[in-house]
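Worksheet for the structure shown next.
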Protein chains: 2
Amino acid sequence: MKACIIAVGSELLTPLRVDTNSLRITERLNEIGYEVRHKTIVGDDVDDLTEVLSAELLSADLVICTGGLGPTDDDITREAVSKVTTRPLEMHPEILERIRERFARRNLKMADINQRQAMVPHGAAVLENVNGTAPGLWLEHHGKPIVLLPGPPREMIPILEAVIRDRLAPQSGGLGLFRRVLRITGATESDVDARSQPVYSRWQQQDVPISTTILAVLGQIELHLTAIASDRATADRVLDFAVEQLEGTLGSIVYSVDGSPLEAVVGDLLRRTGWRVAAAESCTGGLLTSRLTDVPGSSDYVEASAICYSNRAKVDWLGVDGALIAEHGAVSDPVARAMAERVRVKAGVDVGIGVTGIAGPGGGTPGKPVGTVAVAVSTADVTESRTFQFIGGREQVKYQATQAALNMLRLLMLGL
Amino acid sequence: MKACIIAVGSELLTPLRVDTNSLRITERLNEIGYEVRHKTIVGDDVDDLTEVLSAELLSADLVICTGGLGPTDDDITREAVSKVTTRPLEMHPEILERIRERFARRNLKMADINQRQAMVPHGAAVLENVNGTAPGLWLEHHGKPIVLLPGPPREMIPILEAVIRDRLAPQSGGLGLFRRVLRITGATESDVDARSQPVYSRWQQQDVPISTTILAVLGQIELHLTAIASDRATADRVLDFAVEQLEGTLGSIVYSVDGSPLEAVVGDLLRRTGWRVAAAESCTGGLLTSRLTDVPGSSDYVEASAICYSNRAKVDWLGVDGALIAEHGAVSDPVARAMAERVRVKAGVDVGIGVTGIAGPGGGTPGKPVGTVAVAVSTADVTESRTFQFIGGREQVKYQATQAALNMLRLLMLGL
């Protein structure tokens, strides 16, 4: 079954806005067996939209439009659909009443202009919009559904979910796509592929096939598994097994199989071990602790951190030995270790982290180029350190350094 | 002149990827007078792309395709264009030689598969790709240019810039769209609109008209000005005047007219005044200092910061009076002031910032709901503080708090 998505709105054709609705629509359509063949963005022009709609109705089994259902002259979706399907626009008294009520509840009088939103192509079914004035509309043209949804995601999403559940899923009956994402850090893309390929290559031929895509994102690798199955329960069964196999093969480099970000995984481990943490950050400038504190409830395990940007601060605030900095340089394993140890003792916590590096663009030397970052984690029993060489600009280096530090803390807590 | 953009790639039809190339292409086309009428995303299917290309060539004056120029069977753009234009694919010896050289420079042998990238539709001109193996291609079909660009932005952008400069701009001759963005913080969207509307409403009717759009983004308002002019010099003249008028009307709430983010504007001011800064962060968890240190060269003015997440750290690390916290609560003007003052003295810098608040979702009380944030800035001469009430989730509150703190520092340095 082939679907196409049309996003209507001149603002989506400027460099100022990105259409994000279609990502969600695609995911939900995939699950009930629709393949999305095209996505098109069209401005607020009746003729343009009419042309695109006519073309898509020739090849697609389902057309979903978002946007263009507002009350102004620029909102042309209803009119274009009326033209293409040759169904006249008619005033729908119930919609009008609901819009009036909506305004009345907020002690406002409905503007005349809003009457436009009650005009519907003859025979269209109304899809209730709980978060706005413009309802969604459903109509069929030569047996092919056309679904009109409002543009604002807050209004679009509940209507989409209802139309999938009540109208599209029951009659789809086909095979759907269901996804899982394994998140991995501390390995290269080619390494992950070499190790996992013998495992996942077997799954393409099975009864419920799974296809696999590797995506290298900043500081992590993602393995996307897509199962083609008749329903979610069947997909879950094969995907659970597949995830288990890959985790067994890849081991500790997999940090999450449920979409959790690394800071949440580390937060769970800290909570479970009952440890409190403190960091001494130089090149990351606070980003490491900011990520740790992005997790709700992180005050349970984050005590404090010192951002020691200057060498003076490393010595005066933390008590790192100035001679150590002079001997090894501020960006070095020994200084990262001293930072982690000192911040742990100073904050009176169970584990300390030290990060010092060269984020660039300036400050690099032949021996320590931009992207060199030393990271250490320290408990009362053990201090571990490692120097990394990251690529990319300043913000990329900062982010990768926080990813490496969080991962070293994770592995330490797992006893690996 | 009407243009359409086609992004080719099945991955762009999944929920995993967003096409960002088209934003840049739109902006550059707008500047030379092309209106982008549609953007379409098509999977790696020759028939689908052929169909979309044929349809677009009926109505558009220019078609730009991105992606599908790689070496594998999935890369079908060359083939589809060859079909639509009925120009056979031919091996292009110079491209082949360049690809071979590219591999040789990295001591690699070119794989046979890469020969595909040297196949071009008869008569197409080659657009050099300095950052990759697949060159761009330019051909004309019934007088309409078709431009094929590689998908990776790093490869696409230089070719786009060259093709605009050398081939499209010289023959466009029409009116272009030129944009400016004013960034504003510390005011509401309706307030900005009420104050600026009498100014910008006059510009729609002038010889070189300017249209204005207001965009409310997290912690800031953007005013987008778009001039329609025959060339950049003319547009610059009216836009410079318009920006000056708006700055005069809106005053100090405008922090940037050249796209600079607030942390860079504040960094410039710190550098100019010769001040060094330190922060004491609680609810922002390091995000404030991380933003300050996102700016290259910020080690010139960022000394150190203390992330005092627990009350104990506020007392032990900074020396904030425990009785003050007990009396007013950790989230209060007096505690924010004490944090700013103490961190300034402790770090031996010119200006200190204190931020303490409730990021949520837990921790709110009727008197101090989630989103309550107290911010203070302190110099040897003066300490100023203010309590804000932000809305949104945890990360939104954190970000708005950093925005408010940076803005208070900016206004203090400007003597406002």
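FYI, nothing fancy with the structure tokens labels: chains A, B, ... in order, residues from 1 per chain, ligands from 1 as they appear.
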Hey, could you make a per-residue contact list for chain B against chain A with 8 Å as the cut-off, showing the nearest pair of atoms and its distance in Å to one decimal, counting only C-alpha atoms, sorted by chain and number, as JSON lines?
{"residue": "B:Leu13", "atom": "CA", "partner": "A:Val36", "partner_atom": "CA", "distance": 6.6}
{"residue": "B:Thr14", "atom": "CA", "partner": "A:Thr26", "partner_atom": "CA", "distance": 6.5}
{"residue": "B:Pro15", "atom": "CA", "partner": "A:Leu23", "partner_atom": "CA", "distance": 4.5}
{"residue": "B:Leu16", "atom": "CA", "partner": "A:Leu23", "partner_atom": "CA", "distance": 7.7}
{"residue": "B:Ser22", "atom": "CA", "partner": "A:Pro15", "partner_atom": "CA", "distance": 8.0}
{"residue": "B:Leu23", "atom": "CA", "partner": "A:Pro15", "partner_atom": "CA", "distance": 4.5}
{"residue": "B:Arg24", "atom": "CA", "partner": "A:Pro15", "partner_atom": "CA", "distance": 6.6}
{"residue": "B:Thr26", "atom": "CA", "partner": "A:Pro15", "partner_atom": "CA", "distance": 6.2}
{"residue": "B:Glu27", "atom": "CA", "partner": "A:Pro15", "partner_atom": "CA", "distance": 5.7}
{"residue": "B:Val36", "atom": "CA", "partner": "A:Leu13", "partner_atom": "CA", "distance": 6.6}
{"residue": "B:Arg37", "atom": "CA", "partner": "A:Val42", "partner_atom": "CA", "distance": 6.3}
{"residue": "B:His38", "atom": "CA", "partner": "A:Val42", "partner_atom": "CA", "distance": 5.0}
{"residue": "B:Lys39", "atom": "CA", "partner": "A:Ile41", "partner_atom": "CA", "distance": 5.1}
{"residue": "B:Thr40", "atom": "CA", "partner": "A:Thr40", "partner_atom": "CA", "distance": 4.2}
{"residue": "B:Ile41", "atom": "CA", "partner": "A:Lys39", "partner_atom": "CA", "distance": 5.1}
{"residue": "B:Val42", "atom": "CA", "partner": "A:His38", "partner_atom": "CA", "distance": 5.0}
{"residue": "B:Gly43", "atom": "CA", "partner": "A:Arg37", "partner_atom": "CA", "distance": 6.4}
{"residue": "B:Asp48", "atom": "CA", "partner": "A:Arg37", "partner_atom": "CA", "distance": 7.7}
{"residue": "B:Thr284", "atom": "CA", "partner": "A:Ser290", "partner_atom": "CA", "distance": 6.9}
{"residue": "B:Gly285", "atom": "CA", "partner": "A:Ser290", "partner_atom": "CA", "distance": 4.6}
{"residue": "B:Gly286", "atom": "CA", "partner": "A:Gly286", "partner_atom": "CA", "distance": 4.1}
{"residue": "B:Leu287", "atom": "CA", "partner": "A:Ser290", "partner_atom": "CA", "distance": 5.2}
{"residue": "B:Leu288", "atom": "CA", "partner": "A:Gly286", "partner_atom": "CA", "distance": 7.7}
{"residue": "B:Thr289", "atom": "CA", "partner": "A:Gly286", "partner_atom": "CA", "distance": 5.8}
{"residue": "B:Ser290", "atom": "CA", "partner": "A:Gly285", "partner_atom": "CA", "distance": 4.6}
{"residue": "B:Thr293", "atom": "CA", "partner": "A:Gly285", "partner_atom": "CA", "distance": 5.9}
{"residue": "B:Asp294", "atom": "CA", "partner": "A:Glu395", "partner_atom": "CA", "distance": 6.4}
{"residue": "B:Pro296", "atom": "CA", "partner": "A:Pro361", "partner_atom": "CA", "distance": 6.6}
{"residue": "B:Gly297", "atom": "CA", "partner": "A:Gly362", "partner_atom": "CA", "distance": 7.4}
{"residue": "B:Ser299", "atom": "CA", "partner": "A:Tyr309", "partner_atom": "CA", "distance": 6.7}
{"residue": "B:Val302", "atom": "CA", "partner": "A:Tyr309", "partner_atom": "CA", "distance": 6.6}
{"residue": "B:Glu303", "atom": "CA", "partner": "A:Ser310", "partner_atom": "CA", "distance": 5.4}
{"residue": "B:Ala304", "atom": "CA", "partner": "A:Cys308", "partner_atom": "CA", "distance": 4.7}
{"residue": "B:Ser305", "atom": "CA", "partner": "A:Ile307", "partner_atom": "CA", "distance": 4.8}
{"residue": "B:Ala306", "atom": "CA", "partner": "A:Ala306", "partner_atom": "CA", "distance": 4.8}
{"residue": "B:Ile307", "atom": "CA", "partner": "A:Ser305", "partner_atom": "CA", "distance": 4.8}
{"residue": "B:Cys308", "atom": "CA", "partner": "A:Ala304", "partner_atom": "CA", "distance": 4.7}
{"residue": "B:Tyr309", "atom": "CA", "partner": "A:Ala304", "partner_atom": "CA", "distance": 5.2}
{"residue": "B:Ser310", "atom": "CA", "partner": "A:Glu303", "partner_atom": "CA", "distance": 5.4}
{"residue": "B:Ala313", "atom": "CA", "partner": "A:Ala304", "partner_atom": "CA", "distance": 6.2}
{"residue": "B:Ala347", "atom": "CA", "partner": "A:Ala313", "partner_atom": "CA", "distance": 7.3}
{"residue": "B:Gly360", "atom": "CA", "partner": "A:Pro296", "partner_atom": "CA", "distance": 7.0}
{"residue": "B:Pro361", "atom": "CA", "partner": "A:Pro296", "partner_atom": "CA", "distance": 6.6}
{"residue": "B:Gly362", "atom": "CA", "partner": "A:Gly297", "partner_atom": "CA", "distance": 7.4}
{"residue": "B:Arg394", "atom": "CA", "partner": "A:Asp294", "partner_atom": "CA", "distance": 7.1}
{"residue": "B:Glu395", "atom": "CA", "partner": "A:Asp294", "partner_atom": "CA", "distance": 6.4}
Please list as a list of chain:residue names every residue within 6 Å of Gly136 (chain B), counting only C-alpha atoms and excluding residues in the same chain fewer than 5 positions away.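 So the residues in contact are B:Leu127, B:Leu148, B:Leu149.
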May I have the residues from that selection written out with N, CA and C atoms, as a CSV table (one decimal), in the first residue's frame?
chain,number,residue,atom,x,y,z
B,127,LEU,N,30.2,19.5,-12.7
B,127,LEU,CA,30.4,20.5,-11.6
B,127,LEU,C,31.3,19.9,-10.6
B,148,LEU,N,22.1,18.5,-10.6
B,148,LEU,CA,22.2,17.3,-9.8
B,148,LEU,C,23.4,17.5,-8.8
B,149,LEU,N,23.0,17.5,-7.5
B,149,LEU,CA,24.0,17.7,-6.5
B,149,LEU,C,24.1,16.5,-5.5
Going by DSSP on the backbone, which bits of region 191-335 of chain A are strand (DSSP E or B)? Write them as a PDB file with N, CA and C atoms, in the first residue's frame, please.
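Okay, result_15.pdb is ready:
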ATOM      1  N   ILE A 210      13.918  -9.017   9.509  1.00  0.00           N
ATOM      2  CA  ILE A 210      14.393  -7.795  10.165  1.00  0.00           C
ATOM      3  C   ILE A 210      15.498  -7.208   9.305  1.00  0.00           C
ATOM      4  N   SER A 211      15.369  -5.946   8.942  1.00  0.00           N
ATOM      5  CA  SER A 211      16.475  -5.293   8.246  1.00  0.00           C
ATOM      6  C   SER A 211      17.192  -4.368   9.226  1.00  0.00           C
ATOM      7  N   THR A 212      18.471  -4.127   8.955  1.00  0.00           N
ATOM      8  CA  THR A 212      19.316  -3.423   9.911  1.00  0.00           C
ATOM      9  C   THR A 212      20.021  -2.259   9.226  1.00  0.00           C
ATOM     10  N   THR A 213      20.035  -1.115   9.882  1.00  0.00           N
ATOM     11  CA  THR A 213      20.732   0.056   9.361  1.00  0.00           C
ATOM     12  C   THR A 213      21.664   0.572  10.447  1.00  0.00           C
ATOM     13  N   ILE A 214      22.892   0.911  10.058  1.00  0.00           N
ATOM     14  CA  ILE A 214      23.825   1.507  11.020  1.00  0.00           C
ATOM     15  C   ILE A 214      23.903   3.000  10.764  1.00  0.00           C
ATOM     16  N   LEU A 215      23.797   3.785  11.833  1.00  0.00           N
ATOM     17  CA  LEU A 215      23.863   5.236  11.703  1.00  0.00           C
ATOM     18  C   LEU A 215      24.932   5.749  12.662  1.00  0.00           C
ATOM     19  N   ALA A 216      25.933   6.445  12.124  1.00  0.00           N
ATOM     20  CA  ALA A 216      26.949   7.018  13.006  1.00  0.00           C
ATOM     21  C   ALA A 216      26.527   8.435  13.350  1.00  0.00           C
ATOM     22  N   VAL A 217      26.280   8.682  14.610  1.00  0.00           N
ATOM     23  CA  VAL A 217      25.913  10.014  15.067  1.00  0.00           C
ATOM     24  C   VAL A 217      27.059  10.482  15.963  1.00  0.00           C
ATOM     25  N   GLN A 220      28.332   8.500  19.064  1.00  0.00           N
ATOM     26  CA  GLN A 220      27.666   7.210  19.224  1.00  0.00           C
ATOM     27  C   GLN A 220      27.273   6.602  17.894  1.00  0.00           C
ATOM     28  N   ILE A 221      27.013   5.300  17.956  1.00  0.00           N
ATOM     29  CA  ILE A 221      26.550   4.550  16.790  1.00  0.00           C
ATOM     30  C   ILE A 221      25.153   4.054  17.134  1.00  0.00           C
ATOM     31  N   GLU A 222      24.253   4.111  16.152  1.00  0.00           N
ATOM     32  CA  GLU A 222      22.924   3.548  16.365  1.00  0.00           C
ATOM     33  C   GLU A 222      22.696   2.390  15.407  1.00  0.00           C
ATOM     34  N   LEU A 223      22.175   1.281  15.940  1.00  0.00           N
ATOM     35  CA  LEU A 223      21.758   0.162  15.093  1.00  0.00           C
ATOM     36  C   LEU A 223      20.233   0.175  15.067  1.00  0.00           C
ATOM     37  N   HIS A 224      19.669   0.435  13.894  1.00  0.00           N
ATOM     38  CA  HIS A 224      18.215   0.475  13.757  1.00  0.00           C
ATOM     39  C   HIS A 224      17.735  -0.858  13.199  1.00  0.00           C
ATOM     40  N   LEU A 225      16.887  -1.534  13.922  1.00  0.00           N
ATOM     41  CA  LEU A 225      16.312  -2.796  13.466  1.00  0.00           C
ATOM     42  C   LEU A 225      14.867  -2.555  13.056  1.00  0.00           C
ATOM     43  N   THR A 226      14.502  -3.013  11.860  1.00  0.00           N
ATOM     44  CA  THR A 226      13.134  -2.844  11.386  1.00  0.00           C
ATOM     45  C   THR A 226      12.553  -4.207  11.043  1.00  0.00           C
ATOM     46  N   ALA A 227      11.510  -4.594  11.749  1.00  0.00           N
ATOM     47  CA  ALA A 227      10.857  -5.872  11.480  1.00  0.00           C
ATOM     48  C   ALA A 227       9.619  -5.625  10.640  1.00  0.00           C
ATOM     49  N   ILE A 228       9.367  -6.558   9.717  1.00  0.00           N
ATOM     50  CA  ILE A 228       8.146  -6.484   8.916  1.00  0.00           C
ATOM     51  C   ILE A 228       7.228  -7.579   9.424  1.00  0.00           C
ATOM     52  N   ALA A 229       6.128  -7.169  10.036  1.00  0.00           N
ATOM     53  CA  ALA A 229       5.255  -8.158  10.675  1.00  0.00           C
ATOM     54  C   ALA A 229       3.806  -7.737  10.546  1.00  0.00           C
ATOM     55  N   VAL A 254      26.989  -1.606  23.999  1.00  0.00           N
ATOM     56  CA  VAL A 254      25.568  -1.230  23.878  1.00  0.00           C
ATOM     57  C   VAL A 254      25.125  -0.623  25.197  1.00  0.00           C
ATOM     58  N   TYR A 255      24.703   0.647  25.177  1.00  0.00           N
ATOM     59  CA  TYR A 255      24.306   1.228  26.456  1.00  0.00           C
ATOM     60  C   TYR A 255      22.794   1.358  26.605  1.00  0.00           C
ATOM     61  N   SER A 256      22.069   1.269  25.520  1.00  0.00           N
ATOM     62  CA  SER A 256      20.612   1.402  25.648  1.00  0.00           C
ATOM     63  C   SER A 256      19.891   0.725  24.495  1.00  0.00           C
ATOM     64  N   VAL A 277      27.919  11.829  42.728  1.00  0.00           N
ATOM     65  CA  VAL A 277      28.973  12.142  41.762  1.00  0.00           C
ATOM     66  C   VAL A 277      29.300  13.633  41.763  1.00  0.00           C
ATOM     67  N   ALA A 278      30.540  13.952  41.444  1.00  0.00           N
ATOM     68  CA  ALA A 278      30.968  15.339  41.224  1.00  0.00           C
ATOM     69  C   ALA A 278      31.961  15.329  40.070  1.00  0.00           C
ATOM     70  N   ALA A 279      32.015  16.433  39.321  1.00  0.00           N
ATOM     71  CA  ALA A 279      32.926  16.491  38.173  1.00  0.00           C
ATOM     72  C   ALA A 279      33.793  17.729  38.248  1.00  0.00           C
ATOM     73  N   ALA A 280      35.013  17.594  37.723  1.00  0.00           N
ATOM     74  CA  ALA A 280      35.875  18.753  37.508  1.00  0.00           C
ATOM     75  C   ALA A 280      36.034  18.887  35.999  1.00  0.00           C
ATOM     76  N   GLU A 281      35.428  19.926  35.439  1.00  0.00           N
ATOM     77  CA  GLU A 281      35.389  20.065  33.983  1.00  0.00           C
ATOM     78  C   GLU A 281      36.262  21.220  33.524  1.00  0.00           C
ATOM     79  N   VAL A 302      23.621  13.975  41.903  1.00  0.00           N
ATOM     80  CA  VAL A 302      24.613  14.981  41.510  1.00  0.00           C
ATOM     81  C   VAL A 302      24.837  15.919  42.694  1.00  0.00           C
ATOM     82  N   GLU A 303      26.073  15.991  43.186  1.00  0.00           N
ATOM     83  CA  GLU A 303      26.357  16.839  44.341  1.00  0.00           C
ATOM     84  C   GLU A 303      26.777  18.237  43.901  1.00  0.00           C
ATOM     85  N   ALA A 304      27.851  18.307  43.122  1.00  0.00           N
ATOM     86  CA  ALA A 304      28.416  19.598  42.729  1.00  0.00           C
ATOM     87  C   ALA A 304      29.478  19.333  41.684  1.00  0.00           C
ATOM     88  N   SER A 305      29.863  20.390  40.950  1.00  0.00           N
ATOM     89  CA  SER A 305      30.969  20.263  40.011  1.00  0.00           C
ATOM     90  C   SER A 305      31.753  21.550  39.991  1.00  0.00           C
ATOM     91  N   ALA A 306      33.016  21.436  39.605  1.00  0.00           N
ATOM     92  CA  ALA A 306      33.853  22.624  39.463  1.00  0.00           C
ATOM     93  C   ALA A 306      34.243  22.753  38.001  1.00  0.00           C
ATOM     94  N   ILE A 307      33.905  23.909  37.398  1.00  0.00           N
ATOM     95  CA  ILE A 307      34.350  24.163  36.036  1.00  0.00           C
ATOM     96  C   ILE A 307      35.620  24.988  36.146  1.00  0.00           C
ATOM     97  N   CYS A 308      36.769  24.327  35.974  1.00  0.00           N
ATOM     98  CA  CYS A 308      38.062  24.998  36.169  1.00  0.00           C
ATOM     99  C   CYS A 308      38.632  25.298  34.804  1.00  0.00           C
TER     100      CYS A 308
END
For the atom pair CA of Ile253 (chain B) and CA of Thr402 (chain B), what is the interatomic distance in Å to one decimal place? 15.9 Å
If we count only C-alpha atoms, what is near Pro93 (chain B) at a cut-off of 10 Å, once residues fewer than 4 positions away on the same chain are taken out, given as a short mmCIF file (atom, residue, chain, number, x, y, z; two decimals) with N, CA and C atoms, in the first residue's frame?
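Dumped everything to out22.cif:
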data_model
loop_
_atom_site.label_atom_id
_atom_site.label_comp_id
_atom_site.auth_asym_id
_atom_site.auth_seq_id
_atom_site.Cartn_x
_atom_site.Cartn_y
_atom_site.Cartn_z
N GLU B 97 39.03 9.51 -14.15
CA GLU B 97 40.44 9.76 -13.79
C GLU B 97 40.51 10.49 -12.44
N ARG B 98 39.63 11.48 -12.26
CA ARG B 98 39.64 12.23 -11.00
C ARG B 98 39.29 11.35 -9.79
N ILE B 99 38.33 10.46 -9.99
CA ILE B 99 37.95 9.55 -8.89
C ILE B 99 39.13 8.63 -8.56
N GLN B 115 32.98 3.22 -10.79
CA GLN B 115 32.85 3.61 -12.20
C GLN B 115 31.47 4.21 -12.47
N ALA B 118 31.12 7.82 -12.76
CA ALA B 118 31.66 8.53 -13.93
C ALA B 118 30.70 8.47 -15.11
N MET B 119 29.52 7.88 -14.91
CA MET B 119 28.52 7.82 -15.99
C MET B 119 27.70 9.12 -15.94
#
Alpha helix (DSSP H) per DSSP on the backbone: members of region 147-336 of chain A, as a ChimeraX atom specification: /A:153-163,169-172,189-200,232-250,262-273,287-292,311-316,322-328,333-336
If we count only C-alpha atoms, what is near Val208 (chain A) at a cut-off of 12 Å, once residues fewer than 6 positions away on the same chain are taken out, given as a PyMOL selection string? chain A and resi 175-178+202+226-239+241-242
CA of Pro366 (chain A) to CA of Ala323 (chain A), distance in Å rounded to a single decimal: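 We find that CA of Pro366 (chain A) and CA of Ala323 (chain A) lie 22.5 Å from each other.
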Would you compute the distance between CA of Gln389 (chain B) and CA of Thr372 (chain B)? Give it in Å to one decimal.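 Value for the CA of Gln389 (chain B)-CA of Thr372 (chain B) distance: 4.6 Å.
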Skipping near chain neighbours, those fewer than 2 positions away, what residues fall within 12 Å of region 101-105 of chain B using only C-alpha atoms, listed as a ChimeraX atom specification? /B:94-99,107-112,114,129-134
Which residues, written as a VMD selection string, have at least one atom at most 12 Å from His142 (chain A), with only C-alpha atoms counted and residues fewer than 4 positions away on the same chain left out? chain A and resid 57 to 58 60 to 62 84 to 86 146
Show me, as number ranges by chain, the residues that have an atom within 8 Å of Val81 (chain B) when counting only C-alpha atoms, minus same-chain residues fewer than 6 positions from it. B: 50, 53, 121
For the residues in the current selection, export N, CA and C atoms as a PDB file, in the first residue's frame.
ATOM      1  N   THR B  50      11.607   9.165 -11.764  1.00  0.00           N
ATOM      2  CA  THR B  50      11.304   9.532 -13.148  1.00  0.00           C
ATOM      3  C   THR B  50       9.950  10.241 -13.224  1.00  0.00           C
ATOM      4  N   LEU B  53      10.191  13.735 -11.529  1.00  0.00           N
ATOM      5  CA  LEU B  53      10.962  14.634 -12.391  1.00  0.00           C
ATOM      6  C   LEU B  53      10.131  15.093 -13.590  1.00  0.00           C
ATOM      7  N   PRO B 121      24.679  11.634 -18.146  1.00  0.00           N
ATOM      8  CA  PRO B 121      23.780  11.772 -19.297  1.00  0.00           C
ATOM      9  C   PRO B 121      24.487  12.570 -20.394  1.00  0.00           C
TER      10      PRO B 121
END
